[in-house]
>>> print(open('entry38.cif').read())   # mmCIF, C-alpha atoms
data_start
loop_
_atom_site.group_PDB
_atom_site.id
_atom_site.type_symbol
_atom_site.label_atom_id
_atom_site.label_comp_id
_atom_site.auth_asym_id
_atom_site.auth_seq_id
_atom_site.Cartn_x
_atom_site.Cartn_y
_atom_site.Cartn_z
ATOM 1 C CA MET A 1 151.978 60.076 88.017
ATOM 2 C CA ASN A 2 155.001 62.094 89.003
ATOM 3 C CA ALA A 3 154.130 64.781 91.508
ATOM 4 C CA ASN A 4 156.102 67.358 89.520
ATOM 5 C CA VAL A 5 154.198 66.863 86.275
ATOM 6 C CA GLN A 6 150.805 68.302 85.508
ATOM 7 C CA SER A 7 149.013 66.815 82.485
ATOM 8 C CA SER A 8 145.573 66.872 80.928
ATOM 9 C CA GLN A 9 143.823 65.348 77.969
ATOM 10 C CA GLY A 10 144.099 68.427 75.784
ATOM 11 C CA GLY A 11 144.379 72.154 75.574
ATOM 12 C CA ARG A 12 147.017 74.615 76.650
ATOM 13 C CA GLY A 13 149.438 73.495 79.366
ATOM 14 C CA LYS A 14 149.367 69.846 78.373
ATOM 15 C CA ASN A 15 152.377 67.936 79.736
ATOM 16 C CA LYS A 16 153.514 71.114 81.493
ATOM 17 C CA ARG A 17 156.203 70.395 84.046
ATOM 18 C CA PHE A 18 156.989 72.207 87.290
ATOM 19 C CA TRP A 19 160.746 71.899 87.655
ATOM 20 C CA LYS A 20 162.459 71.497 91.002
ATOM 21 C CA LYS A 21 165.430 73.738 91.743
ATOM 22 C CA GLU A 22 167.844 70.800 91.716
ATOM 23 C CA GLU A 23 166.480 69.693 88.327
ATOM 24 C CA GLU A 24 166.980 73.170 86.857
ATOM 25 C CA GLU A 25 170.539 73.283 88.203
ATOM 26 C CA ALA A 26 171.230 69.811 86.793
ATOM 27 C CA LEU A 27 169.914 70.855 83.349
ATOM 28 C CA ILE A 28 172.192 73.920 83.350
ATOM 29 C CA ASP A 29 175.184 71.749 84.336
ATOM 30 C CA CYS A 30 174.346 69.246 81.575
ATOM 31 C CA LEU A 31 174.076 72.062 79.002
ATOM 32 C CA LEU A 32 177.420 73.407 80.170
ATOM 33 C CA GLU A 33 178.952 69.947 79.770
ATOM 34 C CA LEU A 34 177.584 69.568 76.223
ATOM 35 C CA SER A 35 178.758 73.079 75.294
ATOM 36 C CA CYS A 36 182.347 71.951 76.019
ATOM 37 C CA ASP A 37 181.978 68.725 74.003
ATOM 38 C CA GLN A 38 182.709 68.987 70.265
ATOM 39 C CA GLN A 39 180.475 65.958 69.723
ATOM 40 C CA TRP A 40 177.433 68.041 70.693
ATOM 41 C CA LYS A 41 178.394 71.711 70.303
ATOM 42 C CA GLY A 42 178.378 73.015 66.753
ATOM 43 C CA GLU A 43 178.895 76.442 65.264
ATOM 44 C CA GLY A 44 176.199 78.729 66.591
ATOM 45 C CA GLY A 45 174.342 76.087 68.644
ATOM 46 C CA PHE A 46 173.961 72.435 69.593
ATOM 47 C CA LYS A 47 173.925 69.553 67.126
ATOM 48 C CA ASN A 48 170.920 67.368 66.331
ATOM 49 C CA GLY A 49 169.991 64.920 69.059
ATOM 50 C CA TYR A 50 171.208 67.051 71.967
ATOM 51 C CA LEU A 51 167.736 67.129 73.565
ATOM 52 C CA ASN A 52 167.627 63.342 73.633
ATOM 53 C CA GLN A 53 171.131 63.299 75.152
ATOM 54 C CA LEU A 54 170.010 65.735 77.850
ATOM 55 C CA GLU A 55 167.056 63.467 78.589
ATOM 56 C CA LEU A 56 169.388 60.515 79.140
ATOM 57 C CA MET A 57 171.696 62.582 81.369
ATOM 58 C CA LEU A 58 168.862 63.943 83.531
ATOM 59 C CA ASN A 59 167.138 60.575 83.881
ATOM 60 C CA THR A 60 170.492 59.156 85.007
ATOM 61 C CA LYS A 61 170.779 61.859 87.668
ATOM 62 C CA PHE A 62 167.106 61.560 88.701
ATOM 63 C CA PRO A 63 165.846 58.013 88.004
ATOM 64 C CA GLY A 64 162.099 57.914 87.506
ATOM 65 C CA CYS A 65 161.762 61.686 87.192
ATOM 66 C CA GLY A 66 159.889 61.385 83.890
ATOM 67 C CA ILE A 67 161.678 64.317 82.241
ATOM 68 C CA LYS A 68 161.380 64.063 78.445
ATOM 69 C CA ALA A 69 163.330 65.737 75.664
ATOM 70 C CA ILE A 70 160.114 67.047 74.167
ATOM 71 C CA PRO A 71 158.297 68.946 75.488
ATOM 72 C CA HIS A 72 159.966 69.326 78.924
ATOM 73 C CA ILE A 73 163.650 69.987 78.139
ATOM 74 C CA GLU A 74 162.919 71.791 74.877
ATOM 75 C CA SER A 75 160.494 74.154 76.643
ATOM 76 C CA LYS A 76 162.802 74.770 79.632
ATOM 77 C CA PHE A 77 165.811 75.464 77.435
ATOM 78 C CA LYS A 78 163.766 78.009 75.448
ATOM 79 C CA TRP A 79 162.758 79.632 78.743
ATOM 80 C CA PHE A 80 166.412 79.872 79.786
ATOM 81 C CA LYS A 81 167.365 81.447 76.431
ATOM 82 C CA ASP A 82 164.527 83.973 76.589
ATOM 83 C CA LYS A 83 165.316 85.083 80.143
ATOM 84 C CA TYR A 84 169.050 85.182 79.437
ATOM 85 C CA ALA A 85 168.503 87.381 76.372
ATOM 86 C CA ILE A 86 166.250 89.724 78.356
ATOM 87 C CA VAL A 87 168.665 90.031 81.299
ATOM 88 C CA SER A 88 171.573 90.620 78.888
ATOM 89 C CA GLN A 89 169.665 93.374 77.132
ATOM 90 C CA MET A 90 168.705 95.004 80.429
ATOM 91 C CA VAL A 91 172.196 94.949 81.896
ATOM 92 C CA ASN A 92 174.249 95.665 78.776
ATOM 93 C CA LYS A 93 172.044 97.700 76.454
ATOM 94 C CA THR A 94 169.663 99.650 78.695
ATOM 95 C CA SER A 95 170.667 102.588 80.850
ATOM 96 C CA GLY A 96 169.650 102.485 84.487
ATOM 97 C CA PHE A 97 170.034 98.701 84.850
ATOM 98 C CA GLN A 98 172.837 96.916 86.684
ATOM 99 C CA TRP A 99 173.554 93.338 87.699
ATOM 100 C CA ASP A 100 174.134 92.404 91.348
ATOM 101 C CA GLU A 101 176.475 89.404 91.380
ATOM 102 C CA LYS A 102 175.950 88.745 95.083
ATOM 103 C CA ILE A 103 172.187 88.202 94.952
ATOM 104 C CA SER A 104 171.942 87.422 91.212
ATOM 105 C CA THR A 105 169.278 90.017 90.444
ATOM 106 C CA ILE A 106 168.891 93.114 88.308
ATOM 107 C CA GLN A 107 169.135 96.458 90.094
ATOM 108 C CA CYS A 108 167.074 99.411 88.816
ATOM 109 C CA GLU A 109 164.212 101.733 89.646
ATOM 110 C CA ARG A 110 160.784 100.103 89.640
ATOM 111 C CA GLN A 111 159.476 102.610 87.116
ATOM 112 C CA ALA A 112 162.354 101.805 84.742
ATOM 113 C CA TYR A 113 161.562 98.087 85.055
ATOM 114 C CA ASP A 114 157.836 98.646 84.399
ATOM 115 C CA ASP A 115 158.627 100.774 81.340
ATOM 116 C CA PHE A 116 160.963 98.077 80.032
ATOM 117 C CA CYS A 117 158.276 95.394 80.463
ATOM 118 C CA LYS A 118 155.850 97.402 78.330
ATOM 119 C CA THR A 119 158.056 96.840 75.271
ATOM 120 C CA HIS A 120 159.532 93.505 76.420
ATOM 121 C CA PRO A 121 156.735 91.282 77.809
ATOM 122 C CA LYS A 122 159.160 88.395 78.427
ATOM 123 C CA ALA A 123 160.864 90.495 81.117
ATOM 124 C CA GLY A 124 157.947 89.830 83.444
ATOM 125 C CA GLY A 125 158.769 88.061 86.692
ATOM 126 C CA LEU A 126 162.351 89.324 86.968
ATOM 127 C CA TRP A 127 161.689 92.121 89.481
ATOM 128 C CA LYS A 128 163.555 91.283 92.716
ATOM 129 C CA THR A 129 163.673 87.660 91.523
ATOM 130 C CA PRO A 130 167.094 85.908 91.507
ATOM 131 C CA PHE A 131 168.337 84.516 88.198
ATOM 132 C CA PRO A 132 171.323 82.452 89.414
ATOM 133 C CA TYR A 133 172.241 80.972 86.038
ATOM 134 C CA LEU A 134 173.543 84.078 84.227
ATOM 135 C CA SER A 135 177.254 83.248 84.610
ATOM 136 C CA LYS A 136 176.883 79.643 83.452
ATOM 137 C CA LEU A 137 174.671 80.700 80.548
ATOM 138 C CA ASP A 138 177.456 83.090 79.525
ATOM 139 C CA ASP A 139 179.714 80.050 79.219
ATOM 140 C CA ILE A 140 177.064 77.964 77.434
ATOM 141 C CA PHE A 141 176.404 80.657 74.825
ATOM 142 C CA GLY A 142 180.081 81.643 74.573
ATOM 143 C CA VAL A 143 179.619 85.224 75.803
ATOM 144 C CA ASP A 144 182.450 86.936 77.682
ATOM 145 C CA ARG A 145 180.821 89.689 79.751
ATOM 146 C CA ALA A 146 184.142 90.568 81.407
ATOM 147 C CA ASN A 147 185.571 91.615 78.035
ATOM 148 C CA GLY A 148 182.461 93.384 76.845
ATOM 149 C CA LEU A 149 181.072 90.779 74.442
ATOM 150 C CA ALA A 150 177.856 90.628 76.419
ATOM 151 C CA SER A 151 176.805 93.916 74.894
ATOM 152 C CA GLU A 152 175.454 91.665 72.164
ATOM 153 C CA LEU A 153 172.760 89.067 72.700
ATOM 154 C CA PRO A 154 173.749 85.435 72.047
ATOM 155 C CA GLU A 155 172.133 85.379 68.578
ATOM 156 C CA ASP A 156 173.713 88.720 67.624
ATOM 157 C CA SER A 157 177.116 87.641 68.908
ATOM 158 C CA ILE A 158 177.211 84.471 66.803
ATOM 159 C CA HIS A 159 175.902 86.314 63.737
ATOM 160 C CA ASN A 160 178.447 89.118 64.050
ATOM 161 C CA LEU A 161 181.375 86.785 64.687
ATOM 162 C CA GLU A 162 180.572 84.992 61.432
ATOM 163 C CA LYS A 163 180.717 88.356 59.598
ATOM 164 C CA GLU A 164 183.991 89.491 61.162
ATOM 165 C CA VAL A 165 186.484 90.602 58.504
ATOM 166 C CA VAL A 166 190.193 91.247 58.970
ATOM 167 C CA PRO A 167 191.199 94.430 57.067
ATOM 168 C CA LEU A 168 194.104 94.288 54.669
ATOM 169 C CA ASP A 169 197.274 96.239 55.440
ATOM 170 C CA ASN A 170 197.134 98.905 52.731
ATOM 171 C CA ASP A 171 200.508 100.340 53.692
ATOM 172 C CA SER A 172 202.341 97.089 53.050
ATOM 173 C CA ASP A 173 200.530 96.670 49.729
ATOM 174 C CA ASN A 174 201.596 100.155 48.645
ATOM 175 C CA GLU A 175 205.202 99.341 49.410
ATOM 176 C CA ASP A 176 205.040 96.381 47.058
ATOM 177 C CA LEU A 177 203.198 98.191 44.275
ATOM 178 C CA SER A 178 204.822 101.663 44.337
ATOM 179 C CA PHE A 179 208.188 102.969 43.203
ATOM 180 C CA THR A 180 209.911 105.642 45.306
ATOM 181 C CA ARG A 181 212.478 107.999 43.847
ATOM 182 C CA SER A 182 214.603 110.286 45.975
ATOM 183 C CA PRO A 183 214.595 114.028 45.164
ATOM 184 C CA ALA A 184 218.242 113.838 44.119
ATOM 185 C CA SER A 185 217.575 111.084 41.622
ATOM 186 C CA ALA A 186 214.818 113.175 40.045
ATOM 187 C CA THR A 187 217.118 116.175 39.487
ATOM 188 C CA ASP A 188 220.562 114.594 38.971
ATOM 189 C CA TYR A 189 219.477 111.967 36.492
ATOM 190 C CA THR A 190 221.014 112.423 32.981
ATOM 191 C CA GLN A 191 220.254 110.480 29.864
ATOM 192 C CA PRO A 192 223.327 108.387 28.859
ATOM 193 C CA GLN A 193 224.794 109.100 25.439
ATOM 194 C CA PRO A 194 224.934 106.228 22.941
ATOM 195 C CA PRO A 195 228.499 104.812 22.770
ATOM 196 C CA PRO A 196 230.574 104.959 19.578
ATOM 197 C CA ALA A 197 230.474 102.038 17.184
ATOM 198 C CA LYS A 198 234.033 100.940 18.035
ATOM 199 C CA ARG A 199 233.233 100.915 21.727
ATOM 200 C CA MET A 200 230.135 98.814 21.088
ATOM 201 C CA LYS A 201 232.211 96.328 19.203
ATOM 202 C CA LYS A 202 234.846 96.218 21.930
ATOM 203 C CA GLU A 203 232.261 95.513 24.616
ATOM 204 C CA LYS A 204 231.264 92.259 22.947
ATOM 205 C CA THR A 205 233.668 90.371 25.202
ATOM 206 C CA PRO A 206 233.407 87.096 27.187
ATOM 207 C CA LYS A 207 232.150 89.178 30.156
ATOM 208 C CA THR A 208 229.135 90.212 28.117
ATOM 209 C CA ASN A 209 228.447 86.595 27.238
ATOM 210 C CA GLU A 210 228.736 85.640 30.912
ATOM 211 C CA LYS A 211 226.163 88.296 31.768
ATOM 212 C CA LYS A 212 223.828 86.941 29.113
ATOM 213 C CA ARG A 213 224.235 83.406 30.465
ATOM 214 C CA ALA A 214 223.612 84.666 34.014
ATOM 215 C CA THR A 215 220.441 86.386 32.822
ATOM 216 C CA ARG A 216 219.258 83.169 31.166
ATOM 217 C CA PHE A 217 219.940 81.252 34.397
ATOM 218 C CA GLU A 218 217.978 83.849 36.375
ATOM 219 C CA ASN A 219 215.059 83.506 33.979
ATOM 220 C CA LEU A 220 215.178 79.731 34.266
ATOM 221 C CA SER A 221 215.240 80.050 38.066
ATOM 222 C CA SER A 222 212.159 82.271 37.950
ATOM 223 C CA VAL A 223 210.364 79.701 35.797
ATOM 224 C CA ASP A 224 211.318 76.965 38.274
ATOM 225 C CA ASN A 225 209.975 79.059 41.149
ATOM 226 C CA MET A 226 206.737 79.612 39.257
ATOM 227 C CA ALA A 227 206.450 75.867 38.660
ATOM 228 C CA VAL A 228 206.992 75.130 42.357
ATOM 229 C CA GLY A 229 204.391 77.745 43.311
ATOM 230 C CA PHE A 230 201.897 76.341 40.817
ATOM 231 C CA THR A 231 202.475 72.828 42.143
ATOM 232 C CA GLY A 232 201.762 74.033 45.690
ATOM 233 C CA PHE A 233 198.625 75.831 44.477
ATOM 234 C CA MET A 234 197.342 72.696 42.750
ATOM 235 C CA LYS A 235 198.050 70.638 45.881
ATOM 236 C CA ASP A 236 196.029 73.056 48.010
ATOM 237 C CA MET A 237 193.252 73.057 45.420
ATOM 238 C CA ASN A 238 193.135 69.251 45.415
ATOM 239 C CA ASN A 239 192.891 69.213 49.219
ATOM 240 C CA HIS A 240 190.089 71.785 49.077
ATOM 241 C CA LEU A 241 188.184 69.788 46.457
ATOM 242 C CA ALA A 242 188.633 66.634 48.528
ATOM 243 C CA THR A 243 187.150 68.417 51.556
ATOM 244 C CA ILE A 244 184.151 69.567 49.491
ATOM 245 C CA ALA A 245 183.657 66.063 48.101
ATOM 246 C CA SER A 246 183.794 64.588 51.612
ATOM 247 C CA ALA A 247 181.192 67.082 52.862
ATOM 248 C CA MET A 248 178.912 66.342 49.902
ATOM 249 C CA SER A 249 179.320 62.615 50.503
ATOM 250 C CA THR A 250 178.383 63.044 54.187
ATOM 251 C CA THR A 251 175.311 65.078 53.215
ATOM 252 C CA GLN A 252 174.254 62.479 50.662
ATOM 253 C CA GLU A 253 174.707 59.705 53.218
ATOM 254 C CA ARG A 254 172.566 61.610 55.731
ATOM 255 C CA GLU A 255 169.850 62.196 53.121
ATOM 256 C CA GLN A 256 169.911 58.509 52.208
ATOM 257 C CA GLU A 257 169.654 57.600 55.899
ATOM 258 C CA ILE A 258 166.551 59.811 56.260
ATOM 259 C CA VAL A 259 164.982 58.146 53.194
ATOM 260 C CA GLU A 260 165.631 54.693 54.672
ATOM 261 C CA GLN A 261 164.155 55.764 58.020
ATOM 262 C CA LYS A 262 160.995 57.005 56.294
ATOM 263 C CA ARG A 263 160.634 53.644 54.563
ATOM 264 C CA ARG A 264 160.858 51.848 57.906
ATOM 265 C CA LEU A 265 158.444 54.132 59.752
ATOM 266 C CA LEU A 266 155.218 52.174 59.174
ATOM 267 C CA SER A 267 156.709 48.832 60.170
ATOM 268 C CA GLU A 268 158.580 50.251 63.174
ATOM 269 C CA ILE A 269 155.572 52.137 64.561
ATOM 270 C CA GLY A 270 153.178 49.323 63.703
ATOM 271 C CA SER A 271 155.219 46.878 65.775
ATOM 272 C CA LEU A 272 154.775 48.945 68.947
ATOM 273 C CA PRO A 273 152.157 47.709 71.435
ATOM 274 C CA GLY A 274 148.998 49.723 71.963
ATOM 275 C CA ILE A 275 149.259 51.801 68.755
ATOM 276 C CA THR A 276 146.200 51.677 66.473
ATOM 277 C CA GLN A 277 146.381 51.559 62.687
ATOM 278 C CA VAL A 278 145.116 55.134 62.404
ATOM 279 C CA GLU A 279 147.727 56.308 64.917
ATOM 280 C CA VAL A 280 150.449 54.467 62.975
ATOM 281 C CA ILE A 281 149.555 56.258 59.734
ATOM 282 C CA ARG A 282 149.228 59.644 61.407
ATOM 283 C CA ALA A 283 152.486 59.313 63.352
ATOM 284 C CA ALA A 284 154.365 58.211 60.228
ATOM 285 C CA SER A 285 153.103 61.297 58.399
ATOM 286 C CA LEU A 286 154.164 63.601 61.240
ATOM 287 C CA PHE A 287 157.612 61.994 61.523
ATOM 288 C CA SER A 288 158.179 62.279 57.753
ATOM 289 C CA SER A 289 157.702 66.034 57.895
ATOM 290 C CA ASN A 290 159.923 66.440 60.974
ATOM 291 C CA PRO A 291 163.342 64.736 60.572
ATOM 292 C CA SER A 292 164.546 65.829 64.029
ATOM 293 C CA GLN A 293 161.580 64.115 65.719
ATOM 294 C CA MET A 294 162.146 61.058 63.548
ATOM 295 C CA GLU A 295 165.802 60.960 64.667
ATOM 296 C CA ILE A 296 164.702 60.966 68.310
ATOM 297 C CA PHE A 297 162.333 58.075 67.573
ATOM 298 C CA PHE A 298 164.969 55.881 65.900
ATOM 299 C CA SER A 299 167.623 56.720 68.500
ATOM 300 C CA SER A 300 165.370 55.615 71.380
ATOM 301 C CA PRO A 301 166.914 52.626 73.173
ATOM 302 C CA ASN A 302 163.843 50.338 73.282
ATOM 303 C CA ASP A 303 160.204 49.907 72.190
ATOM 304 C CA GLU A 304 158.853 51.465 75.395
ATOM 305 C CA TRP A 305 160.749 54.667 74.709
ATOM 306 C CA LYS A 306 159.676 54.649 71.054
ATOM 307 C CA ARG A 307 156.033 54.218 72.092
ATOM 308 C CA GLU A 308 156.304 57.228 74.438
ATOM 309 C CA VAL A 309 157.843 59.318 71.635
ATOM 310 C CA VAL A 310 154.977 58.379 69.284
ATOM 311 C CA LEU A 311 152.278 59.116 71.862
ATOM 312 C CA ASP A 312 153.888 62.428 72.765
ATOM 313 C CA LEU A 313 154.078 63.392 69.076
ATOM 314 C CA LEU A 314 150.418 62.531 68.510
ATOM 315 C CA SER A 315 149.266 64.402 71.601
ATOM 316 C CA SER A 316 151.336 67.469 70.679
ATOM 317 C CA ASN A 317 149.679 67.581 67.257
ATOM 318 C CA ALA A 318 146.183 66.677 68.345
#
>>> encode(input="entry38.cif", output="structure tokens")
Amino acid sequence: MNANVQSSQGGRGKNKRFWKKEEEEALIDCLLELSCDQQWKGEGGFKNGYLNQLELMLNTKFPGCGIKAIPHIESKFKWFKDKYAIVSQMVNKTSGFQWDEKISTIQCERQAYDDFCKTHPKAGGLWKTPFPYLSKLDDIFGVDRANGLASELPEDSIHNLEKEVVPLDNDSDNEDLSFTRSPASATDYTQPQPPPAKRMKKEKTPKTNEKKRATRFENLSSVDNMAVGFTGFMKDMNNHLATIASAMSTTQEREQEIVEQKRRLLSEIGSLPGITQVEVIRAASLFSSNPSQMEIFFSSPNDEWKREVVLDLLSSNA
């Protein structure tokens, strides 16, 4: 058994891992790498399967270390998020707290820290204890403390960015919708008198006909412009509908893939060595209710890995 892993047959603390400093640093570096990769970083978090990818990366760096996606990496990543959120709240939202970049610790009065811990139990263990990963976690969670974005916690920042609205320019709209008349025009304007009948008859000249033709051409031009605009609108609408259809097709394909995986569960688990019939049925039931765990199982590279995933699932739900 690996010297860094403590395990028991049941109860709290099962499969608990004591991480080495170099393993913690490697996990942070791997998270930072995935956060810069569009294949793994989605909007507001990481995409499905990232824990399994982290397991592969860490086992490549430390062959034989025994680090597993679940529960080791999942638990450690949650610990990082909790501590990061607490430190961010201390430094950016609580008076009397500062961050010392040189020694990577919070700076405050002991009484202020104790009072904070009374309402934030997860802050325990941070007194005079270095937390050297704050800067890299800023990058992982997309928080820019230098520009003040760290005044929000990672969850708040993502939520608020999604709700950000750009206000309309009311002044420019008023210019388009209003009519401005100068003071002189309001006072000097006189109603024209109707022309005599002879003058009306005289004005029916070729120039008048030319004006009428020009007006008709202008109207036709406006209709053409409307047709061009409508064509562009329909083109954009078709592109939008195609995007929606593609997204729906991808979702349907993923749902169909999950259905197919559920159908294969019994045979796949049953073919693994050392798994009893009762364990096969129980594991299949647990996988069916947890698609993310099922994805890890089917993405495992060989039967030995799949067997470890099944045993870990059964032990976690004992």
>>> closest_residue(input="entry38.cif", among="A:Lys21, A:Lys41, A:His240, A:Lys306", to="Ile140 of chain A", atoms="only C-alpha atoms")
A:Lys41
>>> residues_around(input="entry38.cif", residues="Gly124 of chain A", least_positions_apart="2", cutoff="10 Å", atoms="only C-alpha atoms", output="ChimeraX atom specification")
/A:83,86,113-114,116-118,120-122,126-127
>>> write_last_selection(input="entry38.cif", atoms="C-alpha atoms", output="CSV table (one decimal), in the frame of the given file")
chain,number,residue,atom,x,y,z
A,83,LYS,CA,165.3,85.1,80.1
A,86,ILE,CA,166.2,89.7,78.4
A,113,TYR,CA,161.6,98.1,85.1
A,114,ASP,CA,157.8,98.6,84.4
A,116,PHE,CA,161.0,98.1,80.0
A,117,CYS,CA,158.3,95.4,80.5
A,118,LYS,CA,155.8,97.4,78.3
A,120,HIS,CA,159.5,93.5,76.4
A,121,PRO,CA,156.7,91.3,77.8
A,122,LYS,CA,159.2,88.4,78.4
A,126,LEU,CA,162.4,89.3,87.0
A,127,TRP,CA,161.7,92.1,89.5
>>> axis_aligned_box(input="entry38.cif", around="segment 50-58 of chain A", padding_each_side="6 Å", output="lines of an AutoDock Vina configuration file")
center_x = 169.4
center_y = 63.8
center_z = 77.7
size_x = 16.6
size_y = 18.6
size_z = 23.6
>>> closest_residue(input="entry38.cif", among="A:Ser95, A:Leu137, A:Trp40, A:Thr105", to="Gly125 of chain A", atoms="only C-alpha atoms")
A:Thr105
>>> closest_residue(input="entry38.cif", among="A:Val259, A:Asp139, A:Phe18, A:Lys235", to="Phe287 of chain A", atoms="only C-alpha atoms")
A:Val259
>>> residues_around(input="entry38.cif", residues="Lys47 of chain A", least_positions_apart="6", cutoff="12 Å", atoms="all atoms listed in the file", output="number ranges by chain")
A: 34-35, 37-41, 53, 292
>>> resolve_selection(input="entry38.cif", expression="the PyMOL selection byres ((chain A and resi 279) around 12)", output="ChimeraX atom specification")
/A:266,269-270,272-278,280-287,307,310-315,317-318
>>> atom_distance(input="entry38.cif", atom1="atom CA of Lys68 of chain A", atom2="atom CA of Leu27 of chain A")
12.0 Å
>>> resolve_selection(input="entry38.cif", expression="the PyMOL selection byres ((chain A and resi 54) around 8)", output="list in words")
Leu27, Cys30, Leu31, Tyr50, Leu51, Asn52, Gln53, Glu55, Leu56, Met57, Leu58, Ala69 and Ile73 of chain A
>>> atom_distance(input="entry38.cif", atom1="atom CA of Lys76 of chain A", atom2="atom CA of Ile103 of chain A")
22.4 Å
>>> build_atoms(input="entry38.cif", residues="segment 73-79 of chain A", atoms="all heavy atoms", output="PDB file, in the coordinates of the input")
ATOM      1  N   ILE A  73     162.326  69.362  78.250  1.00  0.00           N
ATOM      2  CA  ILE A  73     163.650  69.987  78.139  1.00  0.00           C
ATOM      3  C   ILE A  73     163.647  71.068  77.070  1.00  0.00           C
ATOM      4  O   ILE A  73     164.225  72.151  77.258  1.00  0.00           O
ATOM      5  CB  ILE A  73     164.722  68.916  77.833  1.00  0.00           C
ATOM      6  CG1 ILE A  73     164.792  67.901  78.982  1.00  0.00           C
ATOM      7  CG2 ILE A  73     166.079  69.559  77.604  1.00  0.00           C
ATOM      8  CD1 ILE A  73     165.748  66.754  78.746  1.00  0.00           C
ATOM      9  N   GLU A  74     162.992  70.798  75.945  1.00  0.00           N
ATOM     10  CA  GLU A  74     162.919  71.791  74.877  1.00  0.00           C
ATOM     11  C   GLU A  74     162.289  73.094  75.390  1.00  0.00           C
ATOM     12  O   GLU A  74     162.795  74.190  75.142  1.00  0.00           O
ATOM     13  CB  GLU A  74     162.112  71.240  73.710  1.00  0.00           C
ATOM     14  CG  GLU A  74     161.997  72.200  72.535  1.00  0.00           C
ATOM     15  CD  GLU A  74     161.105  71.645  71.439  1.00  0.00           C
ATOM     16  OE1 GLU A  74     159.981  71.187  71.756  1.00  0.00           O
ATOM     17  OE2 GLU A  74     161.517  71.665  70.274  1.00  0.00           O
ATOM     18  N   SER A  75     161.180  72.979  76.128  1.00  0.00           N
ATOM     19  CA  SER A  75     160.494  74.154  76.643  1.00  0.00           C
ATOM     20  C   SER A  75     161.345  74.886  77.682  1.00  0.00           C
ATOM     21  O   SER A  75     161.437  76.116  77.675  1.00  0.00           O
ATOM     22  CB  SER A  75     159.155  73.735  77.263  1.00  0.00           C
ATOM     23  OG  SER A  75     158.508  74.834  77.860  1.00  0.00           O
ATOM     24  N   LYS A  76     162.001  74.130  78.584  1.00  0.00           N
ATOM     25  CA  LYS A  76     162.802  74.770  79.632  1.00  0.00           C
ATOM     26  C   LYS A  76     164.020  75.462  79.047  1.00  0.00           C
ATOM     27  O   LYS A  76     164.410  76.555  79.492  1.00  0.00           O
ATOM     28  CB  LYS A  76     163.236  73.711  80.659  1.00  0.00           C
ATOM     29  CG  LYS A  76     163.752  74.324  81.967  1.00  0.00           C
ATOM     30  CD  LYS A  76     162.656  75.099  82.676  1.00  0.00           C
ATOM     31  CE  LYS A  76     163.110  75.662  83.994  1.00  0.00           C
ATOM     32  NZ  LYS A  76     162.067  76.459  84.660  1.00  0.00           N
ATOM     33  N   PHE A  77     164.638  74.846  78.060  1.00  0.00           N
ATOM     34  CA  PHE A  77     165.811  75.464  77.435  1.00  0.00           C
ATOM     35  C   PHE A  77     165.414  76.761  76.732  1.00  0.00           C
ATOM     36  O   PHE A  77     166.142  77.757  76.777  1.00  0.00           O
ATOM     37  CB  PHE A  77     166.447  74.496  76.443  1.00  0.00           C
ATOM     38  CG  PHE A  77     167.720  75.003  75.821  1.00  0.00           C
ATOM     39  CD1 PHE A  77     168.666  75.675  76.576  1.00  0.00           C
ATOM     40  CD2 PHE A  77     167.975  74.824  74.470  1.00  0.00           C
ATOM     41  CE1 PHE A  77     169.842  76.145  76.019  1.00  0.00           C
ATOM     42  CE2 PHE A  77     169.141  75.290  73.897  1.00  0.00           C
ATOM     43  CZ  PHE A  77     170.071  75.950  74.675  1.00  0.00           C
ATOM     44  N   LYS A  78     164.256  76.782  76.083  1.00  0.00           N
ATOM     45  CA  LYS A  78     163.766  78.009  75.448  1.00  0.00           C
ATOM     46  C   LYS A  78     163.520  79.088  76.512  1.00  0.00           C
ATOM     47  O   LYS A  78     163.818  80.266  76.295  1.00  0.00           O
ATOM     48  CB  LYS A  78     162.481  77.739  74.675  1.00  0.00           C
ATOM     49  CG  LYS A  78     161.951  78.957  73.918  1.00  0.00           C
ATOM     50  CD  LYS A  78     160.686  78.612  73.149  1.00  0.00           C
ATOM     51  CE  LYS A  78     160.218  79.813  72.333  1.00  0.00           C
ATOM     52  NZ  LYS A  78     159.930  80.991  73.142  1.00  0.00           N
ATOM     53  N   TRP A  79     162.991  78.677  77.663  1.00  0.00           N
ATOM     54  CA  TRP A  79     162.758  79.632  78.743  1.00  0.00           C
ATOM     55  C   TRP A  79     164.079  80.236  79.219  1.00  0.00           C
ATOM     56  O   TRP A  79     164.182  81.443  79.430  1.00  0.00           O
ATOM     57  CB  TRP A  79     162.041  78.933  79.891  1.00  0.00           C
ATOM     58  CG  TRP A  79     161.669  79.842  81.030  1.00  0.00           C
ATOM     59  CD1 TRP A  79     160.531  80.574  81.165  1.00  0.00           C
ATOM     60  CD2 TRP A  79     162.460  80.117  82.202  1.00  0.00           C
ATOM     61  NE1 TRP A  79     160.552  81.296  82.337  1.00  0.00           N
ATOM     62  CE2 TRP A  79     161.718  81.039  83.004  1.00  0.00           C
ATOM     63  CE3 TRP A  79     163.695  79.693  82.660  1.00  0.00           C
ATOM     64  CZ2 TRP A  79     162.186  81.520  84.222  1.00  0.00           C
ATOM     65  CZ3 TRP A  79     164.165  80.191  83.867  1.00  0.00           C
ATOM     66  CH2 TRP A  79     163.423  81.083  84.640  1.00  0.00           C
TER      67      TRP A  79
END
